[in-house]
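Everything on this sheet refers to the single structure shown next.
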Protein chains: 4
Amino acid sequence: MTLAQASTRPDETGAAAARPSAAELPNHGRVLPPADPLVAADRLAAELARTAVERDRSGGHAELERERIRASGLLTLSVPVEYGGAGSDWPTIFATLRRLARVDSALAHVYGFHHLQIAGLFLYGDAAQQSLWLHRTIEHGLFWGNALNPLDKRTQAVETADGFVLDGSKTFCSGSVGSDALTVSAWHEPTGTALIGVLPTHRAGITVNADWDAFGQKQTDSGTVDFAKVLIQHREVTQRPGIAATPWSTLRSCIAQLVMANLYTGIAEGAFEAATGYSRDRARPWFASGVAASLDDPFIQKRYGELWVLLRPAQVLTDLAAQKLQATLDLGPDAVTDLHRGEVAVAVAEAKVTAHRAALEIGTQLFDITGASATSARLGFDRYWRNARVHTLHDPVDYKLRDLGRYATTGRVPDPTAYS
Amino acid sequence: MTLAQASTRPDETGAAAARPSAAELPNHGRVLPPADPLVAADRLAAELARTAVERDRSGGHAELERERIRASGLLTLSVPVEYGGAGSDWPTIFATLRRLARVDSALAHVYGFHHLQIAGLFLYGDAAQQSLWLHRTIEHGLFWGNALNPLDKRTQAVETADGFVLDGSKTFCSGSVGSDALTVSAWHEPTGTALIGVLPTHRAGITVNADWDAFGQKQTDSGTVDFAKVLIQHREVTQRPGIAATPWSTLRSCIAQLVMANLYTGIAEGAFEAATGYSRDRARPWFASGVAASLDDPFIQKRYGELWVLLRPAQVLTDLAAQKLQATLDLGPDAVTDLHRGEVAVAVAEAKVTAHRAALEIGTQLFDITGASATSARLGFDRYWRNARVHTLHDPVDYKLRDLGRYATTGRVPDPTAYS
Amino acid sequence: MTLAQASTRPDETGAAAARPSAAELPNHGRVLPPADPLVAADRLAAELARTAVERDRSGGHAELERERIRASGLLTLSVPVEYGGAGSDWPTIFATLRRLARVDSALAHVYGFHHLQIAGLFLYGDAAQQSLWLHRTIEHGLFWGNALNPLDKRTQAVETADGFVLDGSKTFCSGSVGSDALTVSAWHEPTGTALIGVLPTHRAGITVNADWDAFGQKQTDSGTVDFAKVLIQHREVTQRPGIAATPWSTLRSCIAQLVMANLYTGIAEGAFEAATGYSRDRARPWFASGVAASLDDPFIQKRYGELWVLLRPAQVLTDLAAQKLQATLDLGPDAVTDLHRGEVAVAVAEAKVTAHRAALEIGTQLFDITGASATSARLGFDRYWRNARVHTLHDPVDYKLRDLGRYATTGRVPDPTAYS
Amino acid sequence: MTLAQASTRPDETGAAAARPSAAELPNHGRVLPPADPLVAADRLAAELARTAVERDRSGGHAELERERIRASGLLTLSVPVEYGGAGSDWPTIFATLRRLARVDSALAHVYGFHHLQIAGLFLYGDAAQQSLWLHRTIEHGLFWGNALNPLDKRTQAVETADGFVLDGSKTFCSGSVGSDALTVSAWHEPTGTALIGVLPTHRAGITVNADWDAFGQKQTDSGTVDFAKVLIQHREVTQRPGIAATPWSTLRSCIAQLVMANLYTGIAEGAFEAATGYSRDRARPWFASGVAASLDDPFIQKRYGELWVLLRPAQVLTDLAAQKLQATLDLGPDAVTDLHRGEVAVAVAEAKVTAHRAALEIGTQLFDITGASATSARLGFDRYWRNARVHTLHDPVDYKLRDLGRYATTGRVPDPTAYS
């Protein structure tokens, strides 16, 4: 079952979902699913690779490249066939994500978070919301962004007759710049919980700031979004305040975490490939090695072996987690228990920690192989470490390990939070 | 395809294979395959566990326990159904091996090497040899041992009219004490290569010495075998001197290495379980922790998480390597190319290095979790490290990493040797 | 200033210290300080080395070897010259300890803890107690043991007219078997604190059990001591219940911890030397290395380099901590502040963590250098890991690191406890 | 003995050393030694810190800041008092270097390499050369740069009547941009060796290129220098081609390597301080930690402890190596043997490897402590990793470890090369 078939929650009000106006929601034209997602991803990756080093240096919003992502058709992968999407399963979506991450993990993140928002519609939204927004996503070629950072409670929601009025700021809004639609969360003081909803990015009162300035993952457009008396209508709210989360709905965090794990694995793969290419084509053997080619130096050979045994577990565990996620989604919203959900969270955590370390270590150790000349800014090899370092800080690895330790000793699955 | 179906090499001489005499080859009675190999393995593991700590202390030959292994029917797993065996696939055989290794990695090694010798019959032997020896294995309940250490060239073979005469010693002969039959190798000076053959352990001139005295893996019966004018008949030679190894025949090393990887993984699992049980039932929280139970200490929880992310890759990569091995065996002897064989070797090497580290690290780090009281000799928790430490020295991990490094950078698969 | 000059606390009662009877305190005859402590330590180490592997196997009480330690004169090192001792400074005492630990870390521990008890007399005792016991230590050739485990509160002290009556058990009493005198602690319920005192081991009611059965540090005689209505007279109490610890008195823990750090460093040095000797004299190069001698293999050379950069910091930090301890003791009991004491604790913690890891890692990694043949029980090379593993569990390294982290970020020195 | 007293090599020709013209060698005015080098270094570091993040971003030549270094008087430290310098010992020089490296390891490198060139005059130059150039260094306030990369043999020297003519390029010329004088090496084909000499940077035919573009250590001015028919007079040659290196002269490599070790240690210290400051002032506790301040999180405390035990060995071993270097220099040129020199090289190698790892690990792990918000480019915390990563590639750590392994097992000291 793809996400499409999971939309079992009936339209709660009987009313049509709120329809955003043309001014609010641009129409980029219909986008067709790619014939072969992996081929499309490789082609897109090749395109992005051409400018990746330069764009890493400049940072900022990659308008042109985001248009290429849109044009590739890959944004349709998570949208079911019935809405005009490719209806791919998650292992396929993650495979495309990882291929992009090898060369450009910032845009790969934006791409992955688009699919995360689509997933959110299925996991939280009702049938009308899904129908409206998924059709639009395909017909108008929408690119989704995120404004859901749950640790930042400065955006407050106050209920009115029509819905809720949002006021305040929200940090770490990945993919917000240049997006068409946003998933948002806002703190609702009376219930002490957050609402979650979907909004056109161009809704009156929303300001998306291009103020993301981290030293890595520079083009993720992960800056601040300001809300000034922004109305979110009842029909745009996908999870009302005070609503208890379900095992099904909290699978969203698992998908978000698995986006991370695949990004890390992709970075690790990209760094490994960069090192290998350099060793083959440009590296010179150390004068004391007594060998004619760098790749004949036993220390170099062994170092590559060490990197390989860092990389392989990341690849394998990340793939397994995607399969487990898909199998659990295939059970459908009513059948997924706390334990099902928890075991997905465990598989994802195993993959994330392992990929985290692979990306960081390969990103730094590759230079012990390639040597000093590979530090030229023209090559941009430092971006693997910088991208991995920034992105692996999404949530602390120590707490992820604690969760795994608890599970391994007592069977206690991770508490469903926005980070586990 | 199980190994049975692979015996495509015709009977080379047309003659019946040499039949060992009753004096040479004891008859323990027919052994039936177990109804469910995994259930049988768990039952046997529970039995072995009762005396494992005590037998680790005493070392020596575990006659009684080896009889229990024989009685379990698990020795039939690698023998095809047509010869009366269970005809299990290798993933199943390795799964049983790993379960035994959790509690007794010495006897698990003896058990694994029995199956390795059976595999050797298929990979080297001709149809008549297979027929004779496999029938006997089932009908007489044979337990196989190893006398094939290729680095020890002191055992020399001199050709005669009837076959070859073997003279000299051979170290590291795992499972030789108490065995019924042996795979042997001997150095043939004229060709500068080794012959490989099968012999009844009680053949005249063979002395099996119980002189294995390592500080771990004590009951593997891995001592020295002396050969004094031992006749091996032509029909007992499975690989004549000077015969070029094939991709198929050299899969034997892959199986041997994967026996190791599964042993290491089993040791890691056993150590993890031992620690967990101790933490639950006996460990007291450190006075400065401020918690009521050791498992509530965040440092302890995180440490378990760290061990878990060491263990999981070992499990997963070992399983994947078994599947890859099986798929390659299923191609049959004529279809397996150097590349097929090489990719199995790579998968096995990845698994072996990863499991090696998991076993050693969990074997030593478990004590940082359990604390000083868990060092009582009564518990025997040090045997995990000792067993892992001894067994992981089978061949140097640095050269395995070098092989992986070469493969990852140039696609060069490991050279087929007795260790890769 | 050596400890002798620090005994500034006047005789509190004016009465003579309680004098143990001849039956209680054996007279081994006067022992003279060694001419050169380091030479004496090397000579003793060479003697102990001859039987170290065998005694590691058998475990139990090393009566003969403890007599040799006594005869070496090294037990006098911590006793001031005025009482007939050698009056050595602590860097010298630790240097002798480390030399013994290279070959026999169990007896080195017993030796180090003897000096710790002597130190305790200065840090806790009054002038009369020091005078009485230090004279006796030299004149009667006393060997001190420990019964002070503060985490085991089962030994209770009840005050009477004459002193206190002790009842209950105490675990981890290092050096108790075969000792002449003991430092003891006992829980005093009314004040919720412990008393500390000194007692002849043969005092009526004391039973020393040879029940230590750890898999390493086997001959440390660290078993249980039972107290059955044992009278400790007022004049034998060195720290009454309810007495606040001082920066000076709590230096005892620093000395105890530095005994550990030196033991670990000594084990690391011993393991390194064992590996080196084996590589030089016995190891054969791996067949795939292409070199004629194991020490010419670049992987082996690099591995030795890795072990060396584990060892050197342990040596250097342990030496620095001893110097800092001595400088602080030289300030005298009244001048030592919380901060002085805390900075000693920090230096000791740095040394202990670093030496802990060096000992464990060299103890396990040496085998990757020496290979499988070095696992023969005859060589006893596994005792380095076993000894390091058992001894490094004295108190959890995680809490030591936490203490260092607090200090490094906030300047908070470790809380004075029995473990820091 | 400071370097001054070591200039025992007599003026070889009797002629005055070649005097560069005013056009060739600018006069910045006399610079006075600082009253207290450490105070001066701290003051200069505070100045550099103000713009360090911004200059790290922009890269390029730090003209203004190099003038501040000159004005600080610290460039006089390595010049003996008799020539008007401060005549500091090397432990002091390295202490100032490390303080600068905490905030700006690029300029600290330029500063360290200035002193390295001064050292070279003593180690290679004759008395007249020393007299001329050291007076000038003080009187004219010279800043020295390096053009001595021995692995780049493209710069060729051809002998003429007046000296040698140099032609070709030289990479990795640290501090060359903006320098007044250079140490140069050039390959002399007839002897198959290099000459070493000193030249005014503004000598006709020398072009210094600002083409250094590494991703770290950006302002080290380490680009390419081109030589086009550059005349180096005989009296400017400090080591003629074909002259055998001596233990004394090859101490230059030890000083160069110890400059590295101090830079790495300084980077590690700077990264540690940056993290600590952030944790205290800005970091928020993780929501799942249950504590009120980040520094109260046990995981954070332990992580700081881990970083501390990385940092302390680097500090201590680097200090010890400086003391050993100084003690060896104090022996004087004729007394220093291969073994003396070798033991300095060993101490330096121990320090360098240890500091290398401390800098890299603290540079990357600090973020696991500070969290995602500390990745803002405004803070510039990534420069610690980038600077450490680029600089630690000066020569491969694997070969340094190999050298240490050889020494530790066989007593073979590192071969004197430009890198050991």
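Identifiers for the structure tokens are assigned positionally: chains receive A, B, ... in sequence, residues are indexed from 1 per chain, and ligands are indexed from 1 in the order shown.
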
Non-local contacts of region 173-178 of chain D (10 Å; only C-alpha atoms; under 3 positions in same chain excluded) as a short mmCIF file (atom, residue, chain, number, x, y, z; two decimals) with all heavy atoms, in the first residue's frame:
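This went into around-v7.cif:
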```cif
data_model
loop_
_atom_site.label_atom_id
_atom_site.label_comp_id
_atom_site.auth_asym_id
_atom_site.auth_seq_id
_atom_site.Cartn_x
_atom_site.Cartn_y
_atom_site.Cartn_z
N GLY D 60 42.61 35.26 1.81
CA GLY D 60 43.53 36.26 1.28
C GLY D 60 44.60 36.68 2.27
O GLY D 60 44.75 36.10 3.34
N HIS D 61 45.29 37.72 1.89
CA HIS D 61 46.45 38.19 2.65
C HIS D 61 46.01 39.17 3.75
O HIS D 61 45.28 40.12 3.48
CB HIS D 61 47.41 38.89 1.68
CG HIS D 61 48.64 39.43 2.33
ND1 HIS D 61 49.50 38.64 3.03
CD2 HIS D 61 49.14 40.69 2.38
CE1 HIS D 61 50.51 39.39 3.48
NE2 HIS D 61 50.31 40.63 3.09
N ALA D 62 46.45 38.91 4.96
CA ALA D 62 46.04 39.74 6.09
C ALA D 62 47.10 40.80 6.35
O ALA D 62 47.82 40.76 7.35
CB ALA D 62 45.82 38.86 7.31
N GLU D 63 47.16 41.78 5.47
CA GLU D 63 48.25 42.75 5.55
C GLU D 63 48.25 43.49 6.89
O GLU D 63 49.28 43.60 7.56
CB GLU D 63 48.11 43.76 4.40
CG GLU D 63 49.32 44.65 4.30
CD GLU D 63 49.21 45.64 3.15
OE1 GLU D 63 48.23 45.56 2.39
OE2 GLU D 63 50.11 46.49 3.03
N ARG D 66 49.21 41.31 9.84
CA ARG D 66 50.63 40.96 9.85
C ARG D 66 51.46 42.15 10.34
O ARG D 66 52.49 41.97 10.99
CB ARG D 66 51.07 40.50 8.46
CG ARG D 66 50.48 39.11 8.15
CD ARG D 66 50.96 38.57 6.82
NE ARG D 66 52.42 38.53 6.77
CZ ARG D 66 53.13 37.65 6.06
NH1 ARG D 66 52.50 36.71 5.36
NH2 ARG D 66 54.43 37.69 6.06
N GLU D 67 50.98 43.34 10.05
CA GLU D 67 51.68 44.50 10.60
C GLU D 67 51.56 44.54 12.12
O GLU D 67 52.47 44.94 12.83
CB GLU D 67 51.14 45.80 9.99
CG GLU D 67 51.58 46.02 8.55
CD GLU D 67 53.10 45.86 8.36
OE1 GLU D 67 53.89 46.31 9.20
OE2 GLU D 67 53.49 45.19 7.37
N ALA D 106 45.85 30.47 11.21
CA ALA D 106 46.51 30.80 9.95
C ALA D 106 47.65 31.78 10.22
O ALA D 106 48.80 31.55 9.84
CB ALA D 106 45.51 31.37 8.95
N LEU D 107 47.35 32.88 10.88
CA LEU D 107 48.41 33.84 11.17
C LEU D 107 49.42 33.26 12.15
O LEU D 107 50.61 33.59 12.10
CB LEU D 107 47.81 35.16 11.66
CG LEU D 107 47.03 35.92 10.58
CD1 LEU D 107 46.53 37.25 11.10
CD2 LEU D 107 47.89 36.11 9.33
N HIS D 109 50.45 30.33 12.07
CA HIS D 109 51.36 29.54 11.22
C HIS D 109 52.40 30.45 10.56
O HIS D 109 53.59 30.14 10.54
CB HIS D 109 50.55 28.80 10.16
CG HIS D 109 51.38 28.01 9.21
ND1 HIS D 109 52.19 26.99 9.61
CD2 HIS D 109 51.52 28.11 7.86
CE1 HIS D 109 52.81 26.48 8.56
NE2 HIS D 109 52.42 27.14 7.49
N VAL D 110 51.94 31.55 10.02
CA VAL D 110 52.86 32.50 9.40
C VAL D 110 53.88 32.96 10.44
O VAL D 110 55.09 33.05 10.16
CB VAL D 110 52.05 33.71 8.84
CG1 VAL D 110 52.98 34.82 8.41
CG2 VAL D 110 51.17 33.24 7.69
N TYR D 111 53.39 33.21 11.64
CA TYR D 111 54.26 33.65 12.74
C TYR D 111 55.26 32.55 13.10
O TYR D 111 56.47 32.79 13.24
CB TYR D 111 53.37 34.01 13.93
CG TYR D 111 54.11 34.21 15.23
CD1 TYR D 111 54.90 35.34 15.43
CD2 TYR D 111 54.00 33.27 16.26
CE1 TYR D 111 55.56 35.53 16.63
CE2 TYR D 111 54.66 33.46 17.46
CZ TYR D 111 55.45 34.58 17.64
OH TYR D 111 56.12 34.76 18.82
N GLY D 112 54.79 31.34 13.21
CA GLY D 112 55.68 30.23 13.56
C GLY D 112 56.73 29.98 12.49
O GLY D 112 57.89 29.68 12.79
N PHE D 113 56.31 30.15 11.24
CA PHE D 113 57.26 29.88 10.16
C PHE D 113 58.30 31.00 10.02
O PHE D 113 59.39 30.76 9.54
CB PHE D 113 56.51 29.60 8.85
CG PHE D 113 56.40 28.13 8.59
CD1 PHE D 113 56.12 27.24 9.64
CD2 PHE D 113 56.62 27.57 7.33
CE1 PHE D 113 56.04 25.86 9.42
CE2 PHE D 113 56.55 26.20 7.11
CZ PHE D 113 56.26 25.35 8.15
N HIS D 114 57.96 32.19 10.46
CA HIS D 114 58.98 33.24 10.56
C HIS D 114 60.11 32.74 11.48
O HIS D 114 61.30 32.79 11.12
CB HIS D 114 58.36 34.52 11.12
CG HIS D 114 59.35 35.52 11.63
ND1 HIS D 114 59.95 36.46 10.82
CD2 HIS D 114 59.87 35.72 12.87
CE1 HIS D 114 60.79 37.20 11.55
NE2 HIS D 114 60.76 36.77 12.81
N PHE D 143 60.03 40.33 8.18
CA PHE D 143 59.09 39.21 8.34
C PHE D 143 59.53 38.16 7.32
O PHE D 143 59.58 38.42 6.13
CB PHE D 143 57.66 39.69 8.04
CG PHE D 143 56.59 38.97 8.80
CD1 PHE D 143 55.52 39.71 9.36
CD2 PHE D 143 56.60 37.60 8.98
CE1 PHE D 143 54.50 39.07 10.06
CE2 PHE D 143 55.59 36.96 9.68
CZ PHE D 143 54.54 37.70 10.23
N TRP D 144 59.85 36.98 7.82
CA TRP D 144 60.37 35.93 6.94
C TRP D 144 59.26 35.00 6.44
O TRP D 144 58.28 34.73 7.13
CB TRP D 144 61.39 35.07 7.70
CG TRP D 144 62.71 35.74 7.87
CD1 TRP D 144 63.03 36.74 8.76
CD2 TRP D 144 63.92 35.45 7.14
NE1 TRP D 144 64.35 37.09 8.64
CE2 TRP D 144 64.92 36.31 7.64
CE3 TRP D 144 64.24 34.56 6.12
CZ2 TRP D 144 66.23 36.30 7.16
CZ3 TRP D 144 65.53 34.54 5.63
CH2 TRP D 144 66.52 35.41 6.14
N GLY D 145 59.49 34.50 5.23
CA GLY D 145 58.59 33.50 4.66
C GLY D 145 59.36 32.28 4.19
O GLY D 145 60.60 32.27 4.22
N ASN D 146 58.63 31.29 3.73
CA ASN D 146 59.22 29.99 3.41
C ASN D 146 59.04 29.68 1.93
O ASN D 146 57.97 29.91 1.37
CB ASN D 146 58.50 28.91 4.23
CG ASN D 146 59.21 27.59 4.22
OD1 ASN D 146 60.42 27.54 4.38
ND2 ASN D 146 58.45 26.51 4.04
N ALA D 147 60.09 29.18 1.29
CA ALA D 147 59.95 28.70 -0.10
C ALA D 147 60.83 27.46 -0.23
O ALA D 147 61.72 27.40 -1.07
CB ALA D 147 60.34 29.78 -1.09
N LEU D 148 60.55 26.49 0.63
CA LEU D 148 61.51 25.40 0.79
C LEU D 148 60.91 24.02 0.58
O LEU D 148 61.55 23.02 0.81
CB LEU D 148 62.14 25.53 2.18
CG LEU D 148 63.39 24.73 2.49
CD1 LEU D 148 64.42 25.59 3.21
CD2 LEU D 148 63.04 23.53 3.37
N ASN D 149 59.67 23.95 0.13
CA ASN D 149 59.02 22.66 -0.08
C ASN D 149 59.94 21.68 -0.81
O ASN D 149 60.17 21.79 -2.01
CB ASN D 149 57.74 22.90 -0.89
CG ASN D 149 57.04 21.61 -1.27
OD1 ASN D 149 57.45 20.52 -0.87
ND2 ASN D 149 55.98 21.73 -2.04
N LYS D 170 57.53 26.75 -7.05
CA LYS D 170 57.58 26.08 -5.75
C LYS D 170 56.22 26.28 -5.08
O LYS D 170 55.74 27.41 -4.97
CB LYS D 170 58.69 26.77 -4.94
CG LYS D 170 59.04 26.22 -3.62
CD LYS D 170 59.86 24.96 -3.59
CE LYS D 170 61.25 24.92 -4.14
NZ LYS D 170 61.84 23.55 -3.98
N ALA D 181 61.84 38.47 3.42
CA ALA D 181 62.93 37.57 3.08
C ALA D 181 62.39 36.15 3.05
O ALA D 181 61.37 35.84 3.67
CB ALA D 181 64.04 37.68 4.11
N LEU D 182 63.07 35.32 2.30
CA LEU D 182 62.61 33.94 2.11
C LEU D 182 63.77 32.97 2.33
O LEU D 182 64.90 33.26 1.94
CB LEU D 182 62.14 33.73 0.66
CG LEU D 182 60.85 34.40 0.22
CD1 LEU D 182 60.70 34.25 -1.31
CD2 LEU D 182 59.64 33.76 0.91
N THR D 183 63.46 31.83 2.93
CA THR D 183 64.35 30.69 2.80
C THR D 183 63.89 29.94 1.57
O THR D 183 62.70 29.69 1.40
CB THR D 183 64.25 29.77 4.02
OG1 THR D 183 64.41 30.56 5.20
CG2 THR D 183 65.34 28.72 3.98
N VAL D 184 64.85 29.60 0.71
CA VAL D 184 64.48 28.90 -0.53
C VAL D 184 65.29 27.61 -0.65
O VAL D 184 66.38 27.50 -0.09
CB VAL D 184 64.76 29.77 -1.79
CG1 VAL D 184 63.97 31.05 -1.75
CG2 VAL D 184 66.24 30.03 -1.93
N THR D 201 62.77 38.76 -0.62
CA THR D 201 61.60 38.41 -1.42
C THR D 201 61.52 39.27 -2.67
O THR D 201 60.99 38.82 -3.70
CB THR D 201 60.32 38.58 -0.57
OG1 THR D 201 60.48 37.83 0.65
CG2 THR D 201 59.08 38.08 -1.28
N THR D 207 58.53 35.97 -8.22
CA THR D 207 57.12 36.37 -8.21
C THR D 207 56.39 35.54 -7.15
O THR D 207 56.41 34.31 -7.21
CB THR D 207 56.45 36.13 -9.57
OG1 THR D 207 57.24 36.74 -10.58
CG2 THR D 207 55.03 36.68 -9.59
N VAL D 208 55.80 36.24 -6.21
CA VAL D 208 55.04 35.56 -5.16
C VAL D 208 53.57 35.62 -5.51
O VAL D 208 53.02 36.71 -5.71
CB VAL D 208 55.30 36.24 -3.80
CG1 VAL D 208 54.42 35.60 -2.73
CG2 VAL D 208 56.77 36.13 -3.41
N ASN D 209 52.95 34.48 -5.64
CA ASN D 209 51.56 34.43 -6.08
C ASN D 209 50.61 34.20 -4.90
O ASN D 209 50.83 33.33 -4.08
CB ASN D 209 51.38 33.27 -7.07
CG ASN D 209 52.30 33.40 -8.26
OD1 ASN D 209 52.13 34.28 -9.10
ND2 ASN D 209 53.33 32.54 -8.31
N ALA D 210 49.57 35.01 -4.88
CA ALA D 210 48.57 34.87 -3.82
C ALA D 210 47.53 33.86 -4.29
O ALA D 210 46.35 34.18 -4.45
CB ALA D 210 47.94 36.22 -3.50
N ASP D 211 47.96 32.65 -4.53
CA ASP D 211 47.07 31.65 -5.14
C ASP D 211 46.73 30.50 -4.20
O ASP D 211 46.30 29.44 -4.64
CB ASP D 211 47.68 31.12 -6.44
CG ASP D 211 49.06 30.50 -6.23
OD1 ASP D 211 49.55 30.50 -5.07
OD2 ASP D 211 49.65 30.03 -7.21
N TRP D 212 46.96 30.67 -2.94
CA TRP D 212 46.61 29.64 -1.96
C TRP D 212 45.11 29.64 -1.78
O TRP D 212 44.52 30.67 -1.47
CB TRP D 212 47.31 29.95 -0.63
CG TRP D 212 46.92 29.09 0.53
CD1 TRP D 212 46.24 29.49 1.64
CD2 TRP D 212 47.22 27.70 0.72
NE1 TRP D 212 46.10 28.44 2.52
CE2 TRP D 212 46.68 27.32 1.98
CE3 TRP D 212 47.87 26.74 -0.05
CZ2 TRP D 212 46.77 26.03 2.47
CZ3 TRP D 212 47.96 25.45 0.45
CH2 TRP D 212 47.42 25.11 1.70
N GLN D 219 44.58 32.19 5.53
CA GLN D 219 45.46 33.37 5.46
C GLN D 219 46.92 33.04 5.77
O GLN D 219 47.65 33.85 6.32
CB GLN D 219 44.93 34.46 6.39
CG GLN D 219 43.57 34.99 5.90
CD GLN D 219 43.23 36.32 6.51
OE1 GLN D 219 43.37 36.54 7.70
NE2 GLN D 219 42.79 37.25 5.68
N THR D 220 47.34 31.84 5.38
CA THR D 220 48.74 31.48 5.60
C THR D 220 49.63 31.91 4.45
O THR D 220 50.83 31.68 4.48
CB THR D 220 48.91 29.97 5.78
OG1 THR D 220 48.32 29.30 4.66
CG2 THR D 220 48.26 29.49 7.06
N ASP D 221 49.05 32.51 3.44
CA ASP D 221 49.86 32.98 2.31
C ASP D 221 50.76 31.86 1.81
O ASP D 221 51.96 32.06 1.57
CB ASP D 221 50.72 34.17 2.76
CG ASP D 221 49.88 35.36 3.22
OD1 ASP D 221 48.88 35.67 2.57
OD2 ASP D 221 50.24 35.98 4.24
N SER D 222 50.17 30.67 1.64
CA SER D 222 50.97 29.48 1.31
C SER D 222 50.94 29.11 -0.17
O SER D 222 50.89 27.94 -0.52
CB SER D 222 50.48 28.29 2.13
OG SER D 222 50.62 28.51 3.50
N GLY D 223 50.93 30.11 -1.01
CA GLY D 223 50.78 29.83 -2.42
C GLY D 223 52.09 29.46 -3.12
O GLY D 223 53.03 28.96 -2.52
N THR D 224 52.12 29.77 -4.41
CA THR D 224 53.23 29.40 -5.27
C THR D 224 54.20 30.58 -5.39
O THR D 224 53.78 31.73 -5.47
CB THR D 224 52.71 29.06 -6.68
OG1 THR D 224 51.63 28.14 -6.53
CG2 THR D 224 53.79 28.43 -7.54
N VAL D 225 55.48 30.27 -5.43
CA VAL D 225 56.48 31.28 -5.75
C VAL D 225 57.16 30.85 -7.05
O VAL D 225 57.57 29.69 -7.19
CB VAL D 225 57.51 31.43 -4.61
CG1 VAL D 225 58.65 32.36 -5.03
CG2 VAL D 225 56.84 31.96 -3.34
#
```

Would you give me, as a Markdown table, each residue of chain A having an atom within 10 Å of an atom of chain C, along with its shortest atom pair and that distance in Å to one decimal, using only C-alpha atoms and sorting by chain and residue number?
```
| residue | atom | partner | partner_atom | distance |
| --- | --- | --- | --- | --- |
| A:Ser289 | CA | C:Pro298 | CA | 9.8 |
| A:Asp297 | CA | C:Pro298 | CA | 9.9 |
| A:Pro298 | CA | C:Pro298 | CA | 7.6 |
| A:Phe299 | CA | C:Phe299 | CA | 7.4 |
| A:Lys302 | CA | C:Phe299 | CA | 8.8 |
```

Worksheet item: Just how far from CA of Ser131 (chain C) is CA of Thr250 (chain C), in Å to one decimal?
Response: 21.1 Å

Fill in: Neighbour list for region 366-371 of chain D as a list in words, cut-off 6 Å, only C-alpha atoms, skip fewer than 2 positions in-chain
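Here the answer would be Leu393 of chain A; Ala275, Ile300, Ile362, Gly363, Thr364, Ser373 and Ala374 of chain D.
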
Fill in: Who sits within 10 Å of Pro150 (chain B), only C-alpha atoms, same chain under 4 positions skipped, as a PyMOL selection string
chain B and resi 154-155+170-171+184-187+193-194+196+417-419

Using only C-alpha atoms, which residues sit within 10 Å of Phe287 (chain D) once same-chain residues fewer than 4 positions away are excluded, as a PDB file with C-alpha atoms, in the first residue's frame?
```
ATOM      1  CA  LEU A 151      10.665  23.039  19.829  1.00  0.00           C
TER       2      LEU A 151
ATOM      3  CA  VAL D 291      17.592  19.630  33.131  1.00  0.00           C
ATOM      4  CA  ALA D 292      17.483  23.401  33.245  1.00  0.00           C
TER       5      ALA D 292
END
```

Response to the item:
Atom pair CA of Ser78 (chain A) + CA of Ile93 (chain A), distance 7.2 Å

Worksheet entry | Contacts of Phe94 (chain C) within 9 Å, only C-alpha atoms, excl. fewer than 5 positions in-chain, as a ChimeraX atom specification | /C:89,99,112,258-259,262-263,319,322

Item to complete: Could you tell me, as a ChimeraX atom specification, which residues of region 34-140 of chain A DSSP assigns to helix (DSSP H, G or I) when given the backbone?
Response: /A:37-58,63-72,74-76,81-83,90-103,105-124,127-139
